[in-house]
file final_23.tsv (TSV, C-alpha atoms)
chain	number	residue	atom	x	y	z
A	1	MET	CA	-59.24	-88.38	-96.35
A	2	ALA	CA	-55.92	-86.59	-96.17
A	3	LYS	CA	-56.10	-82.84	-96.59
A	4	HIS	CA	-53.41	-80.91	-98.36
A	5	THR	CA	-52.09	-77.37	-98.36
A	6	TYR	CA	-50.30	-75.73	-101.24
A	7	VAL	CA	-48.46	-72.41	-101.05
A	8	TYR	CA	-47.61	-70.42	-104.16
A	9	VAL	CA	-45.60	-67.22	-104.25
A	10	THR	CA	-45.00	-64.87	-107.13
A	11	TYR	CA	-43.32	-61.47	-107.28
A	12	ILE	CA	-44.98	-58.97	-109.60
A	13	ARG	CA	-43.78	-55.52	-110.60
A	14	SER	CA	-47.10	-53.84	-109.85
A	15	THR	CA	-49.08	-52.33	-107.01
A	16	PRO	CA	-51.25	-54.11	-104.41
A	17	GLU	CA	-54.28	-52.25	-105.79
A	18	LYS	CA	-53.74	-53.62	-109.30
A	19	VAL	CA	-53.16	-57.14	-108.03
A	20	TRP	CA	-56.33	-56.91	-105.95
A	21	GLU	CA	-58.26	-55.65	-108.94
A	22	ALA	CA	-56.90	-58.43	-111.14
A	23	LEU	CA	-58.09	-61.03	-108.62
A	24	THR	CA	-61.53	-59.54	-108.08
A	25	ASP	CA	-62.55	-57.96	-111.40
A	26	ALA	CA	-64.56	-60.36	-113.56
A	27	ALA	CA	-63.22	-59.17	-116.93
A	28	ILE	CA	-59.58	-59.01	-115.83
A	29	SER	CA	-59.65	-62.38	-114.07
A	30	ALA	CA	-61.19	-63.97	-117.18
A	31	SER	CA	-58.35	-62.58	-119.30
A	32	TYR	CA	-55.53	-64.43	-117.52
A	33	TRP	CA	-57.48	-67.22	-115.78
A	34	GLU	CA	-59.97	-68.22	-118.47
A	35	ARG	CA	-62.64	-68.07	-115.79
A	36	GLU	CA	-64.04	-64.94	-114.21
A	37	ASN	CA	-64.22	-64.33	-110.47
A	38	VAL	CA	-67.58	-62.80	-109.60
A	39	SER	CA	-68.66	-61.35	-106.26
A	40	ASP	CA	-69.15	-58.05	-104.47
A	41	TRP	CA	-66.19	-59.25	-102.30
A	42	LYS	CA	-67.88	-58.35	-99.01
A	43	VAL	CA	-67.37	-60.71	-96.08
A	44	GLY	CA	-70.19	-63.26	-96.07
A	45	SER	CA	-71.05	-62.76	-99.75
A	46	ASP	CA	-71.05	-65.56	-102.30
A	47	TRP	CA	-68.40	-65.72	-104.99
A	48	GLN	CA	-68.27	-67.73	-108.21
A	49	HIS	CA	-65.51	-68.90	-110.52
A	50	ARG	CA	-66.90	-69.58	-113.99
A	51	LEU	CA	-66.34	-69.40	-117.71
A	52	PRO	CA	-67.79	-66.02	-118.70
A	53	GLY	CA	-71.55	-66.31	-118.86
A	54	LYS	CA	-71.59	-70.01	-117.95
A	55	SER	CA	-72.61	-71.80	-114.79
A	56	PRO	CA	-69.89	-71.82	-112.11
A	57	ASP	CA	-67.20	-74.46	-111.66
A	58	VAL	CA	-66.42	-73.27	-108.15
A	59	VAL	CA	-68.69	-71.57	-105.62
A	60	GLY	CA	-67.96	-70.30	-102.15
A	61	LYS	CA	-68.08	-67.52	-99.60
A	62	VAL	CA	-65.92	-64.49	-99.01
A	63	LEU	CA	-64.44	-65.17	-95.56
A	64	GLU	CA	-62.03	-62.23	-95.24
A	65	SER	CA	-61.78	-59.15	-97.38
A	66	ASP	CA	-59.21	-56.47	-96.63
A	67	PRO	CA	-58.46	-54.70	-99.92
A	68	PRO	CA	-55.80	-54.55	-101.21
A	69	ASN	CA	-53.98	-56.77	-98.72
A	70	ARG	CA	-55.83	-59.97	-97.99
A	71	LEU	CA	-58.69	-61.98	-99.43
A	72	VAL	CA	-59.85	-65.36	-98.16
A	73	THR	CA	-62.49	-67.41	-99.94
A	74	SER	CA	-63.94	-70.87	-99.58
A	75	TRP	CA	-64.05	-73.15	-102.64
A	76	ALA	CA	-66.65	-75.85	-103.18
A	77	PRO	CA	-68.17	-77.71	-106.11
A	78	PRO	CA	-71.54	-76.18	-107.13
A	79	SER	CA	-73.16	-79.61	-106.68
A	80	GLU	CA	-72.19	-79.75	-102.99
A	81	PRO	CA	-71.69	-76.15	-101.92
A	82	ALA	CA	-72.17	-76.85	-98.20
A	83	ASP	CA	-70.21	-80.06	-97.78
A	84	PRO	CA	-67.25	-79.28	-95.50
A	85	ALA	CA	-65.43	-82.38	-96.77
A	86	LYS	CA	-65.47	-80.92	-100.29
A	87	THR	CA	-64.69	-77.35	-99.26
A	88	SER	CA	-61.19	-75.90	-99.48
A	89	HIS	CA	-59.94	-72.47	-98.47
A	90	CYS	CA	-57.82	-70.07	-100.42
A	91	ALA	CA	-56.02	-67.05	-98.97
A	92	PHE	CA	-54.47	-64.35	-101.13
A	93	ASP	CA	-51.89	-62.23	-99.29
A	94	ILE	CA	-50.69	-59.17	-101.16
A	95	GLU	CA	-47.59	-57.40	-99.79
A	96	ASP	CA	-46.07	-54.22	-101.11
A	97	LEU	CA	-42.27	-54.46	-101.34
A	98	ASN	CA	-41.51	-51.03	-102.78
A	99	GLY	CA	-42.32	-51.37	-106.44
A	100	LYS	CA	-42.78	-55.10	-106.27
A	101	VAL	CA	-45.69	-57.02	-104.90
A	102	ARG	CA	-45.37	-60.42	-103.27
A	103	LEU	CA	-48.54	-62.40	-103.88
A	104	THR	CA	-48.86	-65.51	-101.73
A	105	VAL	CA	-51.65	-67.95	-102.48
A	106	THR	CA	-52.27	-70.45	-99.69
A	107	HIS	CA	-54.76	-73.09	-100.76
A	108	SER	CA	-55.61	-75.36	-97.85
A	109	ASP	CA	-58.01	-78.15	-96.89
A	110	LEU	CA	-57.71	-79.68	-100.34
A	111	ASP	CA	-58.73	-83.32	-100.66
A	112	ASP	CA	-56.87	-85.56	-103.10
A	113	GLN	CA	-59.07	-84.59	-106.03
A	114	GLY	CA	-58.83	-80.91	-105.16
A	115	LEU	CA	-55.07	-81.18	-104.97
A	116	LYS	CA	-54.98	-82.74	-108.42
A	117	ASP	CA	-57.17	-79.96	-109.78
A	118	VAL	CA	-55.07	-77.11	-108.44
A	119	SER	CA	-51.52	-78.44	-108.58
A	120	GLY	CA	-51.24	-77.94	-112.33
A	121	GLY	CA	-53.42	-74.87	-112.44
A	122	TRP	CA	-52.09	-72.34	-109.94
A	123	PRO	CA	-48.58	-71.96	-111.42
A	124	ALA	CA	-50.11	-71.26	-114.85
A	125	VAL	CA	-52.60	-68.79	-113.40
A	126	LEU	CA	-49.93	-66.92	-111.44
A	127	SER	CA	-47.45	-66.85	-114.33
A	128	ASN	CA	-50.12	-65.44	-116.56
A	129	LEU	CA	-51.25	-62.89	-113.97
A	130	LYS	CA	-47.64	-61.73	-113.58
A	131	THR	CA	-47.24	-61.41	-117.34
A	132	LEU	CA	-50.47	-59.47	-117.66
A	133	LEU	CA	-49.64	-56.98	-114.94
A	134	GLU	CA	-46.04	-56.50	-116.05
A	135	THR	CA	-46.56	-56.34	-119.81
A	136	GLY	CA	-50.27	-55.63	-120.33
A	137	ARG	CA	-50.83	-58.86	-122.21
A	138	THR	CA	-51.35	-62.47	-121.33
A	139	LEU	CA	-49.38	-65.51	-122.42
A	140	PRO	CA	-50.72	-67.11	-125.57
A	141	ASP	CA	-52.25	-70.47	-124.72
A	142	PRO	CA	-51.27	-70.31	-121.03
A	143	PHE	CA	-52.95	-73.58	-120.13
A	144	GLY	CA	-51.86	-75.49	-123.23
A	145	ALA	CA	-48.93	-77.05	-121.44
A	146	VAL	CA	-51.06	-77.94	-118.45
A	147	GLU	CA	-54.06	-79.59	-120.02
A	148	GLY	CA	-53.57	-83.27	-120.48
A	149	HIS	CA	-50.45	-83.14	-118.39
A	150	PRO	CA	-50.55	-86.13	-116.06
A	151	GLU	CA	-50.06	-84.37	-112.76
A	152	SER	CA	-48.65	-86.91	-110.34
B	1	MET	CA	-35.89	-60.34	-114.23
B	2	ALA	CA	-32.60	-61.83	-115.39
B	3	ASP	CA	-31.46	-61.88	-111.77
B	4	ASP	CA	-34.56	-63.80	-110.75
B	5	MET	CA	-33.97	-66.46	-113.38
B	6	ASP	CA	-30.24	-66.65	-112.56
B	7	ARG	CA	-31.15	-67.39	-108.97
B	8	VAL	CA	-33.52	-70.15	-110.04
B	9	PHE	CA	-30.96	-71.88	-112.25
B	10	LYS	CA	-28.20	-71.53	-109.64
B	11	ALA	CA	-30.50	-72.95	-106.98
B	12	LEU	CA	-31.35	-75.89	-109.23
B	13	ALA	CA	-27.71	-76.54	-110.14
B	14	ASP	CA	-27.10	-78.66	-107.06
B	15	ALA	CA	-28.16	-82.25	-106.48
B	16	SER	CA	-28.87	-81.77	-102.77
B	17	ARG	CA	-31.18	-78.85	-103.44
B	18	ARG	CA	-33.00	-80.79	-106.16
B	19	ARG	CA	-33.38	-83.62	-103.65
B	20	LEU	CA	-34.89	-81.17	-101.16
B	21	LEU	CA	-37.39	-80.08	-103.79
B	22	ASP	CA	-38.20	-83.74	-104.47
B	23	LEU	CA	-38.90	-84.27	-100.78
B	24	LEU	CA	-41.19	-81.24	-100.69
B	25	HIS	CA	-42.89	-82.29	-103.91
B	26	ALA	CA	-43.69	-85.65	-102.30
B	27	ASP	CA	-44.73	-84.16	-98.99
B	28	GLN	CA	-45.48	-80.47	-98.66
B	29	GLY	CA	-45.17	-78.44	-95.47
B	30	GLN	CA	-42.14	-80.06	-93.83
B	31	THR	CA	-40.01	-78.56	-91.08
B	32	LEU	CA	-36.24	-78.15	-91.27
B	33	GLY	CA	-35.86	-80.96	-88.75
B	34	ALA	CA	-38.00	-83.36	-90.77
B	35	LEU	CA	-36.09	-82.57	-93.96
B	36	ALA	CA	-32.68	-82.92	-92.28
B	37	ALA	CA	-33.73	-86.29	-90.88
B	38	ARG	CA	-34.41	-87.55	-94.39
B	39	LEU	CA	-31.10	-86.37	-95.86
B	40	ASP	CA	-27.58	-87.34	-95.01
B	41	MET	CA	-26.71	-83.76	-94.16
B	42	THR	CA	-26.31	-81.58	-91.11
B	43	ARG	CA	-29.20	-79.41	-90.08
B	44	GLN	CA	-27.05	-76.38	-90.80
B	45	ALA	CA	-26.29	-77.50	-94.36
B	46	VAL	CA	-29.97	-78.17	-95.03
B	47	SER	CA	-30.82	-74.76	-93.59
B	48	GLN	CA	-28.36	-73.08	-95.99
B	49	HIS	CA	-29.76	-74.95	-98.97
B	50	LEU	CA	-33.30	-74.01	-97.98
B	51	ALA	CA	-32.29	-70.35	-97.68
B	52	LEU	CA	-30.94	-70.43	-101.26
B	53	LEU	CA	-34.09	-72.13	-102.50
B	54	GLU	CA	-36.23	-69.57	-100.71
B	55	ALA	CA	-34.20	-66.69	-102.18
B	56	ALA	CA	-34.88	-68.16	-105.63
B	57	ASN	CA	-38.59	-68.36	-104.71
B	58	LEU	CA	-38.56	-72.12	-105.25
B	59	VAL	CA	-39.49	-72.68	-101.62
B	60	ALA	CA	-42.16	-70.76	-99.73
B	61	THR	CA	-42.34	-70.85	-95.97
B	62	VAL	CA	-45.24	-70.50	-93.59
B	63	LYS	CA	-44.85	-69.98	-89.84
B	64	ARG	CA	-47.09	-72.13	-87.71
B	65	GLY	CA	-46.51	-71.46	-84.04
B	66	ARG	CA	-42.81	-71.97	-83.46
B	67	GLU	CA	-42.47	-74.15	-86.55
B	68	LYS	CA	-41.53	-73.02	-90.02
B	69	LEU	CA	-43.09	-75.17	-92.73
B	70	HIS	CA	-41.52	-75.42	-96.18
B	71	TYR	CA	-43.46	-75.71	-99.44
B	72	LEU	CA	-42.25	-76.29	-102.96
B	73	ASN	CA	-43.24	-73.24	-104.98
B	74	PRO	CA	-43.35	-74.29	-108.64
B	75	VAL	CA	-44.24	-70.85	-110.03
B	76	PRO	CA	-40.67	-69.91	-111.16
B	77	ILE	CA	-40.35	-73.30	-112.87
B	78	HIS	CA	-43.60	-72.65	-114.65
B	79	ASP	CA	-42.25	-69.27	-115.76
B	80	ILE	CA	-39.30	-71.08	-117.35
B	81	GLN	CA	-41.63	-73.53	-119.03
B	82	ALA	CA	-43.84	-70.74	-120.33
B	83	ARG	CA	-40.82	-68.90	-121.70
B	84	TRP	CA	-39.70	-71.72	-123.96
B	85	ILE	CA	-42.74	-73.92	-124.38
B	86	GLY	CA	-45.56	-71.45	-125.01
B	87	LYS	CA	-46.67	-70.37	-128.44
B	88	PHE	CA	-45.27	-66.90	-128.56
B	89	GLU	CA	-46.00	-65.58	-131.98
B	90	ARG	CA	-49.75	-65.67	-131.88
B	91	PRO	CA	-51.53	-62.52	-132.90
B	92	ARG	CA	-52.36	-60.39	-129.93
B	93	LEU	CA	-55.91	-59.73	-129.07
B	94	ASP	CA	-57.29	-56.23	-129.20
B	95	ALA	CA	-59.03	-56.88	-125.93
B	96	LEU	CA	-55.71	-57.29	-124.17
B	97	ALA	CA	-54.31	-54.09	-125.62
B	98	GLU	CA	-57.38	-52.40	-124.25
B	99	LEU	CA	-56.71	-54.00	-120.90
B	100	LYS	CA	-53.17	-52.63	-120.86
B	101	THR	CA	-54.53	-49.14	-121.44
B	102	ARG	CA	-57.02	-49.67	-118.69
B	103	LEU	CA	-54.48	-50.92	-116.13
B	104	GLU	CA	-51.92	-48.29	-116.97
B	105	GLY	CA	-54.53	-45.56	-116.96
B	106	GLU	CA	-55.30	-46.19	-113.34
B	107	GLN	CA	-51.81	-45.60	-112.06
B	108	ASP	CA	-52.43	-42.04	-110.95
B	109	GLY	CA	-55.64	-42.93	-109.02

call {"tool": "encode", "arguments": {"input": "final_23.tsv", "output": "structure tokens"}}
result
Amino acid sequence: MAKHTYVYVTYIRSTPEKVWEALTDAAISASYWERENVSDWKVGSDWQHRLPGKSPDVVGKVLESDPPNRLVTSWAPPSEPADPAKTSHCAFDIEDLNGKVRLTVTHSDLDDQGLKDVSGGWPAVLSNLKTLLETGRTLPDPFGAVEGHPES
Amino acid sequence: MADDMDRVFKALADASRRRLLDLLHADQGQTLGALAARLDMTRQAVSQHLALLEAANLVATVKRGREKLHYLNPVPIHDIQARWIGKFERPRLDALAELKTRLEGEQDG
């Protein structure tokens, strides 16, 4: 099956430390992403992406962890956590540009289903993260425009 | 902020640049050469259009060896959508106000 890579970039008026915290803190990630990211973020550790208190929708490993600059995780469905064909990889690169942070999300090794799942989701997540860090609040109903949207 | 959005609208106000985004939407991660081959334009013209799109953050690039791969970055377009399509007047949650305090409180750390 064809594998896809998507690259998303957003510029946020914030610091690398705050962006890192927003990606790795369970409560903060849940506030702009609906789901919380849970791990100790050490290389080799497990991480989970889940509705708060629920079973995970995504599981994986922490592959690289260099706070606050770079985080790489694997993403797999909880039903098949070790199937390489179902595993994608997501790198977060956080660069300090003097008062602005460039956050680059590179999501690679996505199969067709994985591509469908993320192609509507990442822009909403990153918009909402930017809004949260710049204004202290999240967008109302950030995923309302995405859900049910027939992503081609 | 206004500058960022100006750049996005200016970048989109050109049929060739919209066509480039269409090509990347259909097939992510293309080189300049591959894109130029699919458009009736010189390599130099395509390169200039891509530079404008990249400055507007509508195109992200990744270096792979000697190649530069181009990706459609839809985040600024989503920002536009969120600005005019979202439900803006909803009551704000206390939890988020608390979060603001928390994030701002850590600035001097």

call {"tool": "interface_residues", "arguments": {"input": "final_23.tsv", "of": "chain A", "to": "chain B", "cutoff": "6 Å", "atoms": "all atoms listed in the file", "output": "number ranges by chain"}}
result
A: 8, 123, 127, 136-137, 140

call {"tool": "atom_distance", "arguments": {"input": "final_23.tsv", "atom1": "CA of Glu64 in chain A", "atom2": "CA of Asp46 in chain A"}}
result
11.9 Å

call {"tool": "axis_aligned_box", "arguments": {"input": "final_23.tsv", "around": "range 22-39 of chain A", "padding_each_side": "6 Å", "output": "lines of an AutoDock Vina configuration file"}}
result
center_x = -62.1
center_y = -63.1
center_z = -112.8
size_x = 25.1
size_y = 22.3
size_z = 25.0

call {"tool": "closest_residue", "arguments": {"input": "final_23.tsv", "among": "A:Thr5, A:Thr73, A:Ser79, A:Ser31", "to": "Gln30 in chain B", "atoms": "only C-alpha atoms"}}
result
A:Thr5

call {"tool": "atom_distance", "arguments": {"input": "final_23.tsv", "atom1": "CA of Asn128 in chain A", "atom2": "CA of Tyr32 in chain A"}}
result
5.6 Å

call {"tool": "residues_around", "arguments": {"input": "final_23.tsv", "residues": "Arg102 in chain A", "least_positions_apart": "4", "cutoff": "8 Å", "atoms": "all atoms listed in the file", "output": "PDB file with C-alpha atoms, keeping the file's coordinate frame"}}
result
ATOM      1  CA  VAL A   9     -45.600 -67.220-104.250  1.00  0.00           C
ATOM      2  CA  THR A  10     -45.000 -64.870-107.130  1.00  0.00           C
ATOM      3  CA  TYR A  11     -43.320 -61.470-107.280  1.00  0.00           C
ATOM      4  CA  ILE A  12     -44.980 -58.970-109.600  1.00  0.00           C
ATOM      5  CA  ASP A  93     -51.890 -62.230 -99.290  1.00  0.00           C
ATOM      6  CA  ILE A  94     -50.690 -59.170-101.160  1.00  0.00           C
ATOM      7  CA  GLU A  95     -47.590 -57.400 -99.790  1.00  0.00           C
ATOM      8  CA  ASP A  96     -46.070 -54.220-101.110  1.00  0.00           C
ATOM      9  CA  LEU A  97     -42.270 -54.460-101.340  1.00  0.00           C
TER      10      LEU A  97
END

call {"tool": "atom_distance", "arguments": {"input": "final_23.tsv", "atom1": "CA of Asp117 in chain A", "atom2": "CA of Ala76 in chain A"}}
result
12.3 Å

call {"tool": "closest_residue", "arguments": {"input": "final_23.tsv", "among": "A:Pro77, A:Leu110, A:Leu139, A:Lys130", "to": "Glu34 in chain A", "atoms": "only C-alpha atoms"}}
result
A:Leu139

call {"tool": "residues_around", "arguments": {"input": "final_23.tsv", "residues": "Asp109 in chain A", "least_positions_apart": "6", "cutoff": "9 Å", "atoms": "all atoms listed in the file", "output": "list in words"}}
result
Ala2, Lys3, His4, Thr5, Ala85, Lys86, Thr87, Ser88, His89 and Cys90 of chain A

call {"tool": "closest_atom_pairs", "arguments": {"input": "final_23.tsv", "of": "range 72-113 of chain A", "to": "range 17-28 of chain A", "cutoff": "9 Å", "atoms": "only C-alpha atoms", "output": "CSV"}}
result
residue,atom,partner,partner_atom,distance
A:Phe92,CA,A:Leu23,CA,9.0
A:Ile94,CA,A:Val19,CA,7.6
A:Val101,CA,A:Val19,CA,8.1
A:Leu103,CA,A:Val19,CA,8.1

call {"tool": "build_atoms", "arguments": {"input": "final_23.tsv", "residues": "range 104-136 of chain A", "atoms": "N, CA and C atoms", "output": "PDB file, in the frame of the given file"}}
result
ATOM      1  N   THR A 104     -48.931 -64.147-102.263  1.00  0.00           N
ATOM      2  CA  THR A 104     -48.860 -65.510-101.730  1.00  0.00           C
ATOM      3  C   THR A 104     -50.258 -66.104-101.770  1.00  0.00           C
ATOM      4  N   VAL A 105     -50.378 -67.234-102.418  1.00  0.00           N
ATOM      5  CA  VAL A 105     -51.650 -67.950-102.480  1.00  0.00           C
ATOM      6  C   VAL A 105     -51.509 -69.194-101.619  1.00  0.00           C
ATOM      7  N   THR A 106     -52.306 -69.281-100.571  1.00  0.00           N
ATOM      8  CA  THR A 106     -52.270 -70.450 -99.690  1.00  0.00           C
ATOM      9  C   THR A 106     -53.591 -71.185 -99.842  1.00  0.00           C
ATOM     10  N   HIS A 107     -53.530 -72.323-100.504  1.00  0.00           N
ATOM     11  CA  HIS A 107     -54.760 -73.090-100.760  1.00  0.00           C
ATOM     12  C   HIS A 107     -54.737 -74.298 -99.837  1.00  0.00           C
ATOM     13  N   SER A 108     -55.659 -74.325 -98.881  1.00  0.00           N
ATOM     14  CA  SER A 108     -55.610 -75.360 -97.850  1.00  0.00           C
ATOM     15  C   SER A 108     -56.917 -76.158 -97.797  1.00  0.00           C
ATOM     16  N   ASP A 109     -56.868 -77.240 -97.044  1.00  0.00           N
ATOM     17  CA  ASP A 109     -58.010 -78.150 -96.890  1.00  0.00           C
ATOM     18  C   ASP A 109     -58.421 -78.791 -98.207  1.00  0.00           C
ATOM     19  N   LEU A 110     -57.430 -79.037 -99.056  1.00  0.00           N
ATOM     20  CA  LEU A 110     -57.710 -79.680-100.340  1.00  0.00           C
ATOM     21  C   LEU A 110     -57.739 -81.195-100.141  1.00  0.00           C
ATOM     22  N   ASP A 111     -58.775 -81.853-100.661  1.00  0.00           N
ATOM     23  CA  ASP A 111     -58.730 -83.320-100.660  1.00  0.00           C
ATOM     24  C   ASP A 111     -57.907 -83.765-101.877  1.00  0.00           C
ATOM     25  N   ASP A 112     -57.763 -85.070-102.054  1.00  0.00           N
ATOM     26  CA  ASP A 112     -56.870 -85.560-103.100  1.00  0.00           C
ATOM     27  C   ASP A 112     -57.285 -85.069-104.486  1.00  0.00           C
ATOM     28  N   GLN A 113     -58.597 -85.062-104.726  1.00  0.00           N
ATOM     29  CA  GLN A 113     -59.070 -84.590-106.030  1.00  0.00           C
ATOM     30  C   GLN A 113     -58.790 -83.095-106.189  1.00  0.00           C
ATOM     31  N   GLY A 114     -59.063 -82.345-105.119  1.00  0.00           N
ATOM     32  CA  GLY A 114     -58.830 -80.910-105.160  1.00  0.00           C
ATOM     33  C   GLY A 114     -57.373 -80.594-105.408  1.00  0.00           C
ATOM     34  N   LEU A 115     -56.498 -81.374-104.794  1.00  0.00           N
ATOM     35  CA  LEU A 115     -55.070 -81.180-104.970  1.00  0.00           C
ATOM     36  C   LEU A 115     -54.677 -81.398-106.427  1.00  0.00           C
ATOM     37  N   LYS A 116     -55.228 -82.440-107.009  1.00  0.00           N
ATOM     38  CA  LYS A 116     -54.980 -82.740-108.420  1.00  0.00           C
ATOM     39  C   LYS A 116     -55.438 -81.568-109.288  1.00  0.00           C
ATOM     40  N   ASP A 117     -56.612 -81.031-108.957  1.00  0.00           N
ATOM     41  CA  ASP A 117     -57.170 -79.960-109.780  1.00  0.00           C
ATOM     42  C   ASP A 117     -56.318 -78.701-109.722  1.00  0.00           C
ATOM     43  N   VAL A 118     -55.781 -78.383-108.541  1.00  0.00           N
ATOM     44  CA  VAL A 118     -55.070 -77.110-108.440  1.00  0.00           C
ATOM     45  C   VAL A 118     -53.579 -77.214-108.724  1.00  0.00           C
ATOM     46  N   SER A 119     -52.981 -78.400-108.574  1.00  0.00           N
ATOM     47  CA  SER A 119     -51.520 -78.440-108.580  1.00  0.00           C
ATOM     48  C   SER A 119     -50.952 -78.098-109.954  1.00  0.00           C
ATOM     49  N   GLY A 120     -51.698 -78.379-111.017  1.00  0.00           N
ATOM     50  CA  GLY A 120     -51.240 -77.940-112.330  1.00  0.00           C
ATOM     51  C   GLY A 120     -51.688 -76.539-112.666  1.00  0.00           C
ATOM     52  N   GLY A 121     -52.771 -76.114-112.019  1.00  0.00           N
ATOM     53  CA  GLY A 121     -53.420 -74.870-112.440  1.00  0.00           C
ATOM     54  C   GLY A 121     -52.836 -73.600-111.862  1.00  0.00           C
ATOM     55  N   TRP A 122     -52.522 -73.598-110.572  1.00  0.00           N
ATOM     56  CA  TRP A 122     -52.090 -72.340-109.940  1.00  0.00           C
ATOM     57  C   TRP A 122     -50.818 -71.758-110.567  1.00  0.00           C
ATOM     58  N   PRO A 123     -49.782 -72.574-110.818  1.00  0.00           N
ATOM     59  CA  PRO A 123     -48.580 -71.960-111.420  1.00  0.00           C
ATOM     60  C   PRO A 123     -48.897 -71.276-112.747  1.00  0.00           C
ATOM     61  N   ALA A 124     -49.759 -71.879-113.561  1.00  0.00           N
ATOM     62  CA  ALA A 124     -50.110 -71.260-114.850  1.00  0.00           C
ATOM     63  C   ALA A 124     -50.881 -69.965-114.630  1.00  0.00           C
ATOM     64  N   VAL A 125     -51.812 -69.987-113.682  1.00  0.00           N
ATOM     65  CA  VAL A 125     -52.600 -68.790-113.400  1.00  0.00           C
ATOM     66  C   VAL A 125     -51.693 -67.652-112.927  1.00  0.00           C
ATOM     67  N   LEU A 126     -50.775 -67.975-112.012  1.00  0.00           N
ATOM     68  CA  LEU A 126     -49.930 -66.920-111.440  1.00  0.00           C
ATOM     69  C   LEU A 126     -48.903 -66.411-112.438  1.00  0.00           C
ATOM     70  N   SER A 127     -48.367 -67.299-113.271  1.00  0.00           N
ATOM     71  CA  SER A 127     -47.450 -66.850-114.330  1.00  0.00           C
ATOM     72  C   SER A 127     -48.157 -65.880-115.257  1.00  0.00           C
ATOM     73  N   ASN A 128     -49.385 -66.258-115.606  1.00  0.00           N
ATOM     74  CA  ASN A 128     -50.120 -65.440-116.560  1.00  0.00           C
ATOM     75  C   ASN A 128     -50.540 -64.100-115.952  1.00  0.00           C
ATOM     76  N   LEU A 129     -50.910 -64.133-114.670  1.00  0.00           N
ATOM     77  CA  LEU A 129     -51.250 -62.890-113.970  1.00  0.00           C
ATOM     78  C   LEU A 129     -50.043 -61.956-113.933  1.00  0.00           C
ATOM     79  N   LYS A 130     -48.879 -62.526-113.625  1.00  0.00           N
ATOM     80  CA  LYS A 130     -47.640 -61.730-113.580  1.00  0.00           C
ATOM     81  C   LYS A 130     -47.363 -61.111-114.949  1.00  0.00           C
ATOM     82  N   THR A 131     -47.489 -61.910-115.984  1.00  0.00           N
ATOM     83  CA  THR A 131     -47.240 -61.410-117.340  1.00  0.00           C
ATOM     84  C   THR A 131     -48.216 -60.292-117.688  1.00  0.00           C
ATOM     85  N   LEU A 132     -49.465 -60.492-117.354  1.00  0.00           N
ATOM     86  CA  LEU A 132     -50.470 -59.470-117.660  1.00  0.00           C
ATOM     87  C   LEU A 132     -50.147 -58.151-116.966  1.00  0.00           C
ATOM     88  N   LEU A 133     -49.845 -58.225-115.674  1.00  0.00           N
ATOM     89  CA  LEU A 133     -49.640 -56.980-114.940  1.00  0.00           C
ATOM     90  C   LEU A 133     -48.321 -56.310-115.318  1.00  0.00           C
ATOM     91  N   GLU A 134     -47.332 -57.099-115.717  1.00  0.00           N
ATOM     92  CA  GLU A 134     -46.040 -56.500-116.050  1.00  0.00           C
ATOM     93  C   GLU A 134     -45.953 -56.041-117.491  1.00  0.00           C
ATOM     94  N   THR A 135     -46.703 -56.666-118.385  1.00  0.00           N
ATOM     95  CA  THR A 135     -46.560 -56.340-119.810  1.00  0.00           C
ATOM     96  C   THR A 135     -47.865 -55.867-120.440  1.00  0.00           C
ATOM     97  N   GLY A 136     -48.996 -56.039-119.749  1.00  0.00           N
ATOM     98  CA  GLY A 136     -50.270 -55.630-120.330  1.00  0.00           C
ATOM     99  C   GLY A 136     -50.868 -56.664-121.255  1.00  0.00           C
TER     100      GLY A 136
END
